[in-house]
Every structure is written in C-alpha cells, then in structure tokens.
Amino acid sequence: MTPSATQTLNDSELVSALDSTHDVVIREDATPVHAADRPDAAWWRHAVIYQIYPRSWADADGDGIGDLPGITSRLPHLRALGVDAIWLSPFYTSPQADAGYDVADYRDIDPIFGSLADADTMIARAHELGLKVIVDMVPNHSSDEHEWFKAALAAGPGSAERERYMFREGRGEHGELPPNNWESVFGGAAWTRVTEADGTPGQWYLHIFDTKQPDFNWEHPEVRAEFESILRFWLDRGVDGFRVDVAHGLIKEQGLPDTEEERTTMLGHAEHEHAEGEHVPAEEAPRIDHTKRSPMWDQDGVHEIYRAWRKILESYGTPDRILCAEAWVEPQERAVAYVRPDEMHQAFNFDFLTASWIAEDLRAVITSSLHAADSVGAPSTWVLSNHDVVRHASRLGYAPGTPRMNGISATDPQPDRALGLRRARAATALMLALPGGAYIYQGEELGLPDSTDMPAEFRQDPTFARTAGAETGRDGCRVPIPWSADGPSLGFGPSASTWLPQPDVYADYAVDRQEGVAGSTLELYRSLLAARRELSLGTGSLTWVLGYAADVVALTNGSSQHGRVLVVANLGAEPVALPEGAEVIVASGPLEAGLVPTDTTVWARWS
Ligand code: GLC
C-alpha cells in the first residue's frame, strides 16, 4: 500500500482501528452478487472517468469562461488525482443556448473554447499524462444555427432539406396547433412554428429540448451518414471515445402519437418534482408507470444506430475506443440493452445516482445494477454527480428520501452543508469500491456544494426561463472551480470574471487549501483512487456481508490478485465495529475509538 492510501487516517486512529476489541460476528453471503472480471479486462471495464465541464474548469484567457488551453494547463491535477480518463462536455461551435449542447458545427471548436489546434494539443497532453480522452457527441438535435437547419428553413415545406429534421403541419383549422401534445424537457411545447419565406405562419418543428435545439430525423440516411463521418473526424484526431448525449431519444414512435405521460424533466418525470418547500419521502412520490411506453424515448430503432457506430470504433483497433450512453431509461433491463456486446460499452447508471441515502435502497440498486449489466456481459458504471443534477455534497445534505430537486434557490430549504459533505465522502468511498467503471464530476473531489443562492439574473439554464422560474435549473452545479483560495476568480482564470458567480464559501474548498492536507476531501479522493487501482477493485467481485444492522451497507470486493477487501458504509446512527483482524486501508472520515461512526465508509483488508 502506498503511503497516500492511508493518508486520511492518522496513526492513533489506525492503531485504535487495529486494536478494536468490539467483536462483530459477520460473514459473507454464500452467493456473490457479481464475479470478478478478468484481471486483464479492457480499460473501460474498470476505468474512473473524470467529467470536465469546459465552461467551468479553467479559464486561460480571462474572459470568464473556461477553455481548452485552460484545460491543458490543469491536466496534471488529474494525473495526481489518479483517474484514467476525461470526458469533456461539448466544446463545438455553438450559440451556447444550452451551454454547448446546441451544436452548430460538429467539426470545429467554438472560439470561446479555442481552436482545433488547441483541441489537438489538449488531446496530446492528456495522452502524454496517461489520460484517455472522451468527447461528447450530441446526435439527437443540432443548434438552429447549424447549416442544415438554416437550409431547411430557407428551402420551405416539402423540400429535401426539411426532411433531415422533424417538420410537420400543425393541427387545427389553420395549422395553428402543434402537431401533437409533446412537451419540451425544459418546459413549454416541444414544437415551434416557423414563419415561411412569404411571411406566413408555416410548419412546426420538433425540439425535445430548447427551441434552439431542433431534433434531427434519424430515419434519414443522410443524418446517419453525417454522424458516422463526424465520429471518424474525431477518432482520426485521436479521441478514445464518445459520451452519447440523449442516446435514448434519436428515434421517435412512428406517426408521432400524443403521449399519455407527464412531462419528462432532466430527472425523469415532472410528477417527481417537489412543490416548493415541501419534503415528501421518495416512497410517497408517484412511480413512473413502465407499462406506458413513451413515444419520445427508448424506441427499439435506436439500437441499430449504435451497432453501426460500434463497428466504426472497432475498425480503429486496440486499445478500444468507447461509447457511453446517456440514456435515462427505466427499468434497468431496458437500459442495459444499450450495452449489449455489439452496441455501446458503457451506460450511465442513473439509478445509482438517484438512489436515496438509505442502506436498503443502496443495496438494492447495487445488486440490480450488477445483475442487469452481467446479464449482457457489460460492466456496471457508477456515478453520483454530473452537470445536470444537484451535486451530491448538497443533495445528501437533506433528509434521506427528500425528492430530487432541479436546482436549489435561495428561497428553497437549504441543505446542511457539513452533513452533505460527510455523506458525500462516504457515498464516494462506497462508489469507488464497487466493481465496474465510475464517473467523477469536476469539483466533487473538492467536496464542492452547489451554489444554492444564485441571484436569478445570473441563471442561464433554459429551463429556468422556460418554466418562468418554477424550476431553478442546473446552473448551481456548473459554477467555475476554485483552484486557489486567493486571487481573482479563485484561480479559475487570470481575471476576476466568471460566467456564473462563485459563492463566497468556495474559497474554503479551493484546491490549494486541500492539497497535502491530511483528511481533506481532495486527499481522500487521491487515497481512494490509489487504493482502488492498487487493489484492482474495478475488476473485483462483490459479495454482501451479513451480520450488521440493516442500516449498514457491508460488502467484500475480492479477486485472486488482491484477496478480500471489506467495505463498511455505516448509514445508521450507532457506530459499528470492524471484525477482528480487519486492517483499515482508507476511511471517508476519522474512526471513533476504532469504530465506524455514522455516515462513514471504511475499506479494510480482511483475511
Ligand atoms: C443531456 C445533457 C444536458 C443537455 C441535454 C440536451 O441530457 O446532459 O446537459 O441539456 O442533453 O442536449
């Protein structure tokens, strides 16, 4: 074990853990949930991938928006952190109506982020540092400023140009009503009526997201050919894979029938949202009715698209280039269809991200995730935060079971920051002990909370305006990263300008406040990642451990190379003991008299 892997425990804590006289009688379940992977499994089956949100990671030119030269200059931070790869949210030419998820040119870089030469430099530097590079592909929709969409508007109804998007005549006597009842994920109708060249109101086009994000017609061979060519463009530049945006949305049900469902929001369905100030236990929230299939999502036709893409990636040989699906699909049996052997390599595990901080729920989601992934021979993945959800350090600062929120505003009940951080550290320590791949969102290695009191005038997420502020939106998790406690923009860039304001408390979380500080969240992440790598936990097995109270999540991760690692996450109020002889490797917080206190996760050797 490297010294860094034990850094979060001081000597006396370590000794007290070893000397614990509190005997616990625990044993492994007879049947493992998941068998170990091959020790030489392909890199993506166990990789830890760090998500960079380019607008907010590092700003080299001082315009207040992060950029590629900034990213390149900060990559050593990730080498020291110990991740395997980076995934960058979109950096393509874009009017930025949805922070770059509205692409006007898939083969170029937006000037706010730099140039293609900057992208080449960034990719080369990452590779030099041993980091693979995954870029975001946004195939469901383009920007309305994409050449194809501009041509479609100009060419008029019935033209070949309009066939590449989803144009339809309206309903009603004069076509004044949208073609069906679909609502945008960001609020409001999913259709916008255009004004034709002669100045009259004309056809409608579909946009599942913002008005400025027209959906492509994926039944059209030119759309398919274009994206296959775009994939090759980036593969030729050396990228190691693609995170595929809204992978479950590309094909719509034939005839575009009305939907019977509530509006889909970023986190599932609108009915799951909480009313302001109201905390309803999750179990009381209405369930999604899986017997009703949505005409907008998860149509069987999407799969042949990814089979074709997989072939393209495989033609580039080894090491594997990968596809990761962003597919908000339930139940898990349908979600894993995206990672069958001839489709994508990975899919985000949003069931894990949305699970409550309740031991029984975590056990259930870990078991079902591994079983579902194993049923198709894919690795499971694990994720707690990303650019679309409230950061887990804030989410976990509410009572377990509090319905998920689409952003937090100053008028909402505020999370308990200390509690949230404590639980976030324990949750991450649990996550990184699990076999499969894992995703880390920039800033979570600092324990960053969301900005929870951002004034309305700064908000940029289209959902805020489209719902007239009823939904706060995702800006709170997208605030520029604090690199240093002093200096303009907390080291984000050379000027004081930041595209979203940094809360005052962010100085306390700055990288330079945490680097080399025993017990800091940054050092905890480094220790966890070092130990995970050294012990090959990503390719290990998983077996539940029996004998603890129900509010303790206890498991072993085993393999022929590293033996058995015991993982104990205590979600209960009472401290719990480790079994005799267990040797602590790393802990998410200090042990108390050798016991694992509440909201703490410990990894230990256990022979
Ligand atoms: C995905 C992205 C999200 C974006 C949406 C539309 O869900 O993660 O940020 O707004 O797609 O492209």
# chains A, B, ... in the order shown; residues from 1 in each chain; ligands from 1
call {"tool": "residues_near_ligand", "arguments": {"ligand": "ligand 1", "cutoff": "7 Å", "atoms": "only C-alpha atoms and all ligand atoms", "output": "PyMOL selection string"}}
result
chain A and resi 98+101-102+138+209+245-246+266+387-388
call {"tool": "write_last_selection", "arguments": {"atoms": "all heavy atoms", "output": "PDB file, in the first residue's frame"}}
result
ATOM      1  N   ASP A  98     -27.819  26.149 -24.898  1.00  0.00           N
ATOM      2  CA  ASP A  98     -27.885  25.140 -23.840  1.00  0.00           C
ATOM      3  C   ASP A  98     -26.453  24.760 -23.467  1.00  0.00           C
ATOM      4  O   ASP A  98     -26.090  23.589 -23.420  1.00  0.00           O
ATOM      5  CB  ASP A  98     -28.703  23.923 -24.309  1.00  0.00           C
ATOM      6  CG  ASP A  98     -28.860  22.865 -23.218  1.00  0.00           C
ATOM      7  OD1 ASP A  98     -28.737  23.214 -22.023  1.00  0.00           O
ATOM      8  OD2 ASP A  98     -29.088  21.684 -23.562  1.00  0.00           O
ATOM      9  N   TYR A 101     -24.666  22.263 -25.688  1.00  0.00           N
ATOM     10  CA  TYR A 101     -25.413  21.079 -26.145  1.00  0.00           C
ATOM     11  C   TYR A 101     -26.333  21.447 -27.313  1.00  0.00           C
ATOM     12  O   TYR A 101     -27.291  20.752 -27.613  1.00  0.00           O
ATOM     13  CB  TYR A 101     -26.178  20.428 -24.990  1.00  0.00           C
ATOM     14  CG  TYR A 101     -25.258  19.596 -24.106  1.00  0.00           C
ATOM     15  CD1 TYR A 101     -24.695  20.123 -22.942  1.00  0.00           C
ATOM     16  CD2 TYR A 101     -24.917  18.289 -24.453  1.00  0.00           C
ATOM     17  CE1 TYR A 101     -23.826  19.365 -22.152  1.00  0.00           C
ATOM     18  CE2 TYR A 101     -24.065  17.536 -23.669  1.00  0.00           C
ATOM     19  CZ  TYR A 101     -23.524  18.069 -22.521  1.00  0.00           C
ATOM     20  OH  TYR A 101     -22.672  17.309 -21.752  1.00  0.00           O
ATOM     21  N   ASP A 102     -26.040  22.577 -27.930  1.00  0.00           N
ATOM     22  CA  ASP A 102     -26.732  23.037 -29.135  1.00  0.00           C
ATOM     23  C   ASP A 102     -25.626  23.313 -30.151  1.00  0.00           C
ATOM     24  O   ASP A 102     -25.040  24.383 -30.175  1.00  0.00           O
ATOM     25  CB  ASP A 102     -27.561  24.293 -28.835  1.00  0.00           C
ATOM     26  CG  ASP A 102     -26.788  25.382 -28.076  1.00  0.00           C
ATOM     27  OD1 ASP A 102     -26.010  25.054 -27.143  1.00  0.00           O
ATOM     28  OD2 ASP A 102     -26.934  26.570 -28.437  1.00  0.00           O
ATOM     29  N   VAL A 138     -23.484  14.850 -29.644  1.00  0.00           N
ATOM     30  CA  VAL A 138     -24.869  15.306 -29.414  1.00  0.00           C
ATOM     31  C   VAL A 138     -25.682  15.030 -30.691  1.00  0.00           C
ATOM     32  O   VAL A 138     -25.868  15.918 -31.523  1.00  0.00           O
ATOM     33  CB  VAL A 138     -24.892  16.812 -29.064  1.00  0.00           C
ATOM     34  CG1 VAL A 138     -26.275  17.231 -28.578  1.00  0.00           C
ATOM     35  CG2 VAL A 138     -23.837  17.149 -28.011  1.00  0.00           C
ATOM     36  N   PHE A 209     -35.829  19.490 -26.582  1.00  0.00           N
ATOM     37  CA  PHE A 209     -35.218  20.379 -25.582  1.00  0.00           C
ATOM     38  C   PHE A 209     -35.587  21.817 -25.939  1.00  0.00           C
ATOM     39  O   PHE A 209     -36.750  22.117 -26.179  1.00  0.00           O
ATOM     40  CB  PHE A 209     -33.706  20.096 -25.492  1.00  0.00           C
ATOM     41  CG  PHE A 209     -33.442  18.721 -24.927  1.00  0.00           C
ATOM     42  CD1 PHE A 209     -33.338  17.603 -25.746  1.00  0.00           C
ATOM     43  CD2 PHE A 209     -33.360  18.524 -23.551  1.00  0.00           C
ATOM     44  CE1 PHE A 209     -33.140  16.331 -25.216  1.00  0.00           C
ATOM     45  CE2 PHE A 209     -33.162  17.263 -23.012  1.00  0.00           C
ATOM     46  CZ  PHE A 209     -33.052  16.171 -23.853  1.00  0.00           C
ATOM     47  N   ASP A 245     -24.957  11.860 -26.003  1.00  0.00           N
ATOM     48  CA  ASP A 245     -25.993  12.663 -25.371  1.00  0.00           C
ATOM     49  C   ASP A 245     -27.387  12.176 -25.783  1.00  0.00           C
ATOM     50  O   ASP A 245     -27.633  11.899 -26.958  1.00  0.00           O
ATOM     51  CB  ASP A 245     -25.803  14.118 -25.848  1.00  0.00           C
ATOM     52  CG  ASP A 245     -26.649  15.114 -25.100  1.00  0.00           C
ATOM     53  OD1 ASP A 245     -26.408  15.315 -23.903  1.00  0.00           O
ATOM     54  OD2 ASP A 245     -27.558  15.709 -25.715  1.00  0.00           O
ATOM     55  N   VAL A 246     -28.280  12.073 -24.809  1.00  0.00           N
ATOM     56  CA  VAL A 246     -29.684  11.694 -25.069  1.00  0.00           C
ATOM     57  C   VAL A 246     -29.754  10.481 -26.014  1.00  0.00           C
ATOM     58  O   VAL A 246     -30.501  10.473 -27.002  1.00  0.00           O
ATOM     59  CB  VAL A 246     -30.501  12.869 -25.650  1.00  0.00           C
ATOM     60  CG1 VAL A 246     -31.987  12.611 -25.504  1.00  0.00           C
ATOM     61  CG2 VAL A 246     -30.165  14.180 -24.957  1.00  0.00           C
ATOM     62  N   MET A 266     -35.298  16.766 -16.573  1.00  0.00           N
ATOM     63  CA  MET A 266     -33.939  16.236 -16.580  1.00  0.00           C
ATOM     64  C   MET A 266     -33.811  15.012 -15.678  1.00  0.00           C
ATOM     65  O   MET A 266     -32.922  14.218 -15.838  1.00  0.00           O
ATOM     66  CB  MET A 266     -32.943  17.300 -16.114  1.00  0.00           C
ATOM     67  CG  MET A 266     -32.623  18.357 -17.126  1.00  0.00           C
ATOM     68  SD  MET A 266     -32.232  17.733 -18.765  1.00  0.00           S
ATOM     69  CE  MET A 266     -30.726  16.821 -18.446  1.00  0.00           C
ATOM     70  N   HIS A 387     -23.236  17.430 -14.602  1.00  0.00           N
ATOM     71  CA  HIS A 387     -23.598  18.827 -14.858  1.00  0.00           C
ATOM     72  C   HIS A 387     -25.109  19.046 -14.961  1.00  0.00           C
ATOM     73  O   HIS A 387     -25.539  20.156 -15.262  1.00  0.00           O
ATOM     74  CB  HIS A 387     -22.926  19.283 -16.156  1.00  0.00           C
ATOM     75  CG  HIS A 387     -23.474  18.550 -17.351  1.00  0.00           C
ATOM     76  ND1 HIS A 387     -23.282  17.200 -17.548  1.00  0.00           N
ATOM     77  CD2 HIS A 387     -24.247  18.966 -18.377  1.00  0.00           C
ATOM     78  CE1 HIS A 387     -23.901  16.822 -18.646  1.00  0.00           C
ATOM     79  NE2 HIS A 387     -24.502  17.872 -19.174  1.00  0.00           N
ATOM     80  N   ASP A 388     -25.895  18.001 -14.776  1.00  0.00           N
ATOM     81  CA  ASP A 388     -27.354  18.121 -14.890  1.00  0.00           C
ATOM     82  C   ASP A 388     -28.082  17.968 -13.563  1.00  0.00           C
ATOM     83  O   ASP A 388     -29.307  18.081 -13.527  1.00  0.00           O
ATOM     84  CB  ASP A 388     -27.891  17.040 -15.856  1.00  0.00           C
ATOM     85  CG  ASP A 388     -27.512  17.309 -17.303  1.00  0.00           C
ATOM     86  OD1 ASP A 388     -27.380  18.482 -17.681  1.00  0.00           O
ATOM     87  OD2 ASP A 388     -27.364  16.327 -18.056  1.00  0.00           O
TER      88      ASP A 388
END
call {"tool": "select_by_dssp", "arguments": {"residues": "segment 2-215 of chain A", "states": "strand (DSSP E)", "output": "MDAnalysis selection string"}}
result
chainID A and resid 27:28 48:52 85:88 92:93 105:109 132:137 167:168 191:195 201:206
call {"tool": "closest_residue", "arguments": {"among": "A:Trp234, A:Lys252, A:Pro379, A:Pro157", "to": "Leu313 of chain A", "atoms": "only C-alpha atoms"}}
result
A:Trp234
call {"tool": "select_by_dssp", "arguments": {"residues": "segment 374-556 of chain A", "states": "helix (DSSP H, G or I)", "output": "number ranges by chain"}}
result
A: 374-375, 392-395, 417-431, 444-446, 456-458, 462-466, 475-477, 488-491, 504-509, 511-514, 521-534, 537-539
call {"tool": "closest_atom_pairs", "arguments": {"of": "segment 367-440 of chain A", "to": "segment 333-349 of chain A", "cutoff": "12 Å", "atoms": "only C-alpha atoms", "output": "Markdown table"}}
result
| residue | atom | partner | partner_atom | distance |
| --- | --- | --- | --- | --- |
| A:Ser368 | CA | A:Glu333 | CA | 9.3 |
| A:Ser369 | CA | A:Asn349 | CA | 7.7 |
| A:Leu370 | CA | A:Asn349 | CA | 10.4 |
| A:His371 | CA | A:Glu333 | CA | 9.4 |
| A:Ala372 | CA | A:Glu333 | CA | 6.0 |
| A:Ala373 | CA | A:Val336 | CA | 6.1 |
| A:Asp374 | CA | A:Val336 | CA | 9.2 |
| A:Ser375 | CA | A:Val336 | CA | 8.4 |
| A:Val376 | CA | A:Arg340 | CA | 5.4 |
| A:Gly377 | CA | A:Pro341 | CA | 7.0 |
| A:Ala378 | CA | A:Val339 | CA | 6.2 |
| A:Pro379 | CA | A:Gln346 | CA | 7.0 |
| A:Ser380 | CA | A:Asn349 | CA | 7.4 |
| A:Thr381 | CA | A:Asn349 | CA | 5.7 |
| A:Trp382 | CA | A:Asn349 | CA | 5.6 |
| A:Val383 | CA | A:Asn349 | CA | 6.5 |
| A:Leu384 | CA | A:Asn349 | CA | 9.1 |
| A:Ser385 | CA | A:Phe348 | CA | 10.9 |
| A:Asn386 | CA | A:Phe348 | CA | 10.5 |
| A:Met431 | CA | A:Asn349 | CA | 11.5 |
| A:Gly436 | CA | A:Gln346 | CA | 9.6 |
| A:Gly437 | CA | A:Gln346 | CA | 8.2 |
| A:Ala438 | CA | A:Phe348 | CA | 9.0 |
| A:Tyr439 | CA | A:Phe348 | CA | 8.5 |
| A:Ile440 | CA | A:Phe348 | CA | 11.6 |
call {"tool": "atom_distance", "arguments": {"atom1": "atom CA of Ala308 of chain A", "atom2": "atom CA of Ser94 of chain A"}}
result
26.7 Å
call {"tool": "closest_residue", "arguments": {"among": "A:Glu173, A:Asp67, A:Asp475, A:Glu360", "to": "Asp461 of chain A", "atoms": "only C-alpha atoms"}}
result
A:Asp475
call {"tool": "residues_around", "arguments": {"residues": "Ala151 of chain A", "least_positions_apart": "5", "cutoff": "10 Å", "atoms": "only C-alpha atoms", "output": "PyMOL selection string"}}
result
chain A and resi 145-146+156+159-162
call {"tool": "atom_distance", "arguments": {"atom1": "atom CA of Leu323 of chain A", "atom2": "atom CA of Arg243 of chain A"}}
result
5.9 Å
call {"tool": "closest_residue", "arguments": {"among": "A:Ile408, A:Ala569, A:Ile49, A:Leu434", "to": "Phe352 of chain A", "atoms": "only C-alpha atoms"}}
result
A:Leu434
call {"tool": "closest_residue", "arguments": {"among": "A:Ala573, A:Ala325, A:Ile26, A:Leu529", "to": "Leu555 of chain A", "atoms": "only C-alpha atoms"}}
result
A:Ile26
